[in-house]
Structure formats: C-alpha cells, structure tokens
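Heads up: the structure comes next, in structure tokens.
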Amino acid sequence: MELLSIIGLAVVSTVFCILLKQYKPEYALMVSLVCSVLIFVSIVVSLKPVLTTMNEMLERTSAGYYGKTLLKALGICYLVQLASDSCKDAGQTAIAGRVELAGKAAIVLLSLPLFQNLAEIALELIYV
C-alpha cells in the first residue's frame, strides 16, 4: 500500500470515528482498531523486502545473532506501541501501561542471552 493510500485510509477512518463517536462510541472504537491494524499490516508487507535483505546481510556476518535479536526487539516495540495506543484510544490507560510493561519485559527476556555473552566476555577480560 502506498503512502497516499495509508493517509487516505487514516483520514476517512478519522472522519468516520468522529461521526460515530456521537451516536455509537463502540463502533468508533472498532473503526479505529480496524484502521490501525490495516495500516500496520500494510507497513509490514511493504517492509518485508527490507527485512529479508537485512536478514540475508546479517547471516553473512559474525553479528547475525545480534542483528536478528535487534530486529525482533524492534518488532516487539512496534506491536506494543500499536496495542498501547489502541488501549489509550479506548480510554484504558491502565491497561495500556501494563501492555507497555509486558513489552519491556519481553525485550528484557529476548536480550538476556546478549547480556550473558557480554558478561562472559567481561569476565574473560578480567581474568586473563
């Protein structure tokens, strides 16, 4: 999907949300969620060639594992941001905060092997 299509979808969805919020606020929320998911999916589809190229480049280097971990963390950030913003739009800031906390915990768990490798390298430098 091109940028103009995304902008058009966003503007039309915003107008629908404003109109629906007066009469059926729950429908306005659904329009907002569907629009957000459609935009997110279109972005992911358009970035697939970039991610494929980056993965191929990372596989050829010695830092492939670190790069893949970084890309996974970036994906987690995008998904958490989408979910958190959707919760905030629905007026559920407490739930949005817990979603963000869960995303941070997921990134910490994902990066734990990196921290272990870093600690091993530091210990080798200290005791050599």
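Note on naming: chains are A, B, ... as they come in the structure tokens, residues start from 1 per chain, ligands start from 1 in the order shown.
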
Hey, what's within 8 Å of range 56-72 of chain A if we count only C-alpha atoms and toss same-chain stuff fewer than 6 positions away? As a list in words, please?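 Result of the neighbour search: Leu110, Ser111 and Leu114 of chain A.
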
Between CA of Leu20 in chain A and CA of Ala90 in chain A, distance in Å (one decimal):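 CA of Leu20 in chain A sits 13.8 Å away from CA of Ala90 in chain A.
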
When distances are computed from only C-alpha atoms, which of A:Val108, A:Ala96, A:Leu125, A:Ile6 shows the smallest separation from Cys35 in chain A?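 Answer, going by the shortest atom-to-atom distance: A:Ile6.
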
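With CA of Ala83 in chain A on one side and CA of Val99 in chain A on the other, the separation reads 7.2 Å.
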